[in-house]
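S.K.: Here it is, the structure in full.
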Amino acid sequence: MTSAPPVEAEEPFEHPALFYSSDDEYLNGTIPFIDKGLSADEPVAVAVPKRNLESIRSALGGTAERVLLVDMGEVGANPGRIIPGVLHAFTDAHPDRRVRIIGEPIWPGRSEDEYTACVQHEALLNLAFNGRPVTKLCPYDAKGLDQRIITDAEATHPVLIDHAGRRPSDRYDPDRVLADCNRPFALPPRSAIERAADLATLDNARWFATAYGRRVGLSAMQLIDLEIALTELLTNSIHHGGGVGTFRVWTDGGHLVCEVNDAGQITDPLVGRRPSDDSEHYGRGLLLVNQVADLVRMHTGPQGTTVRIYLRLPER
Amino acid sequence: MDRPLRITEYGERGAVGLRVAGEIDLNGHEAWERALRRASGRGDEIRLDLSGLSFIDVRGTALLVDVAALLPEGRRFVVQNAPAALLRVMQVLWPDGASAIIFKGDQ
């Protein structure tokens with residue numbers, strides 16, 4: 001895996017970060033970006049948290065109807081969904097032209113687990129859209145977010161924009177970020193229940209996990225999602241991970257957590273994020289897991305692969 | 001708990017199709033694909049009665065979509081009583097629907 005060369009004029013994928021410290025700076029950085037796209041007849045999409053979405057909508061006035069506006073809090077709740085579900089969906093709908101997108105996946109209040117998935121997503125964008133005619137601006141709330149998050153954004157974006165202007169990032173290093181995100185998980189709690197599953201016991205694993213999910217209060221739809229997601233993860237283990245997967249389930253307070261561990265190694269960093277048509281069977285299962293889970297984290301290496309999925313428990 | 005896949009062909013009064021019960025995962029993909037391919041030559045409207053099917057995975061769903069895509073013009077699968085897993089996988093991975101698959105029945 002090699003990273004894209006830093007900021008060459010010919011690189012069609014442009015991926016600047018916008019560091020804003022006020023509502024004015026936010027609109028000054030985003031509205032002209034949108035207008036420029038519209039006047040060049042480029043399709044424009046904006047996926048940002050609701051509050052910022054509303055400021056953009058009202059600043060645009062009548063032109064808002066020419067822009068696809070979506071709430072990132074919804075479509076990007078699980079950052080693993082953003083590349084296939086939002087960005088590819090939009091760029092692939094306009095295959096012959098440059099498209100312009102504002103995407104704000106990181107906001108104050110993201111949990112630590114979510115944040116790791118977000119920064120990984122930002123780094124992967126450079127691989128996913130390398131060579132594609134896409135201009136993607138990523139706003140960061142420089143006042144509300146930790147300095148560490150801003151430093152990470154300097155590593156995932158080749159170009160940085162703030163009140164002082166636009167400059168190349170001298171810290172751009174998405175491969176380093178991807179390596180940092182691929183880290184071992186904290187051990188499951190002692191209350192976690194562990195089982196192994198192979199070809200002969202796959203149905204048993206589904207039955208067991210669903211019974212556990214029902215006991216801790218998952219909704220009927222979430223039970224289906226758990227059943228499908230666990231099956232896909234264990235199917236990957238049986239196919240690619242040595243024929244057997246070990247799964248564990250527990251609750252962490254707000255979520256049912258389910259992880260599957262096997263002896264395989266995943267080498268494609270974009271697995272589960274390519275559009276369905278391009279996906280091999282292996283990737284299609286993970287694509288589905290990303291779509292149905294509230295959060296997906298992965299640790300993979302020569303020692304094996306662990307995928308951990310989170311399903312939010314309904315409030316009681 | 002043990003629900004092996006059972007697929008039976010039927011054909012009565014012009015209605016042809018498959019009755020499917022059990023679960024479709026890695027253990028049933030081959031039988032499922034074989035049955036779909038064989039059924040696809042039996043009529044213009046091929047019914048798939050899935051009321052006894054309790055689960056189907058992504059690959060099982062993809063096989064249905066792929067075999068349907070190869071049906072000649074005018075032929076189609078009519079799915080009756082699809083299990084929740086099939087509807088969910090279709091909704092997520094084929095949100096625009098699939099050609100030549102119609103869903104009917106209690107959903």
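Ordering of the structure tokens sets the chain letters (A, B, ...), residue numbers begin anew at 1 in every chain, and ligands are numbered from 1 in the order given.
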Dump as a ChimeraX atom specification the residues of chain B that approach chain A to within 10 Å, counting only C-alpha atoms.

M.R.: /B:1-4,23-27,55-59,62,83-86,88-89,92-94

S.K.: Give me the residues near A:Gly264 as a list in words, where near means some atom within 7 Å (using only C-alpha atoms) and where sequence neighbours in that chain fewer than 4 positions away do not count.

M.R.: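 Skipping anything fewer than 4 positions along the chain leaves His240, Gly241, Gly242, Gly304 and Thr305 of chain A.
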
S.K.: Counting only C-alpha atoms, what is within 12 Å of B:Gly74, bar same-chain residues fewer than 6 positions away, as a ChimeraX atom specification?

M.R.: /B:40,43-46,68,99-101

S.K.: Which of these residues is nearest to A:Leu230, using only C-alpha atoms: A:His255, A:Arg171, A:Arg297, A:Arg308?

M.R.: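 Closest residue, counting only C-alpha atoms: A:Arg308.
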
S.K.: I need the residues of stretch 33-88 of chain A that end up classed as strand (DSSP E) by DSSP on the backbone, written out as a VMD selection string.

M.R.: chain A and resid 44 to 48 67 to 71

S.K.: Once you have the residues from the selection above, write them out as a compact mmCIF listing (two decimals), in the first residue's frame, restricted to N, CA and C atoms.

M.R.:
# COMPACT_ATOMS: atom_id res chain seq x y z
N VAL A 44 -23.25 19.06 -6.83
CA VAL A 44 -22.73 19.40 -5.51
C VAL A 44 -23.55 18.70 -4.43
N ALA A 45 -22.86 18.06 -3.48
CA ALA A 45 -23.53 17.44 -2.34
C ALA A 45 -22.91 17.95 -1.04
N VAL A 46 -23.74 18.09 -0.03
CA VAL A 46 -23.27 18.53 1.28
C VAL A 46 -23.76 17.53 2.32
N ALA A 47 -22.82 16.89 3.04
CA ALA A 47 -23.19 15.95 4.11
C ALA A 47 -22.48 16.43 5.38
N VAL A 48 -23.21 17.15 6.22
CA VAL A 48 -22.64 17.74 7.44
C VAL A 48 -23.65 17.58 8.57
N VAL A 67 -28.62 21.68 -4.69
CA VAL A 67 -27.58 20.98 -3.95
C VAL A 67 -28.21 19.82 -3.19
N LEU A 68 -27.54 18.66 -3.20
CA LEU A 68 -28.02 17.54 -2.40
C LEU A 68 -27.57 17.77 -0.96
N LEU A 69 -28.52 17.97 -0.04
CA LEU A 69 -28.19 18.25 1.36
C LEU A 69 -28.58 17.07 2.22
N VAL A 70 -27.62 16.46 2.93
CA VAL A 70 -27.96 15.33 3.80
C VAL A 70 -27.33 15.50 5.18
N ASP A 71 -28.03 14.96 6.17
CA ASP A 71 -27.59 15.06 7.56
C ASP A 71 -26.53 13.99 7.84
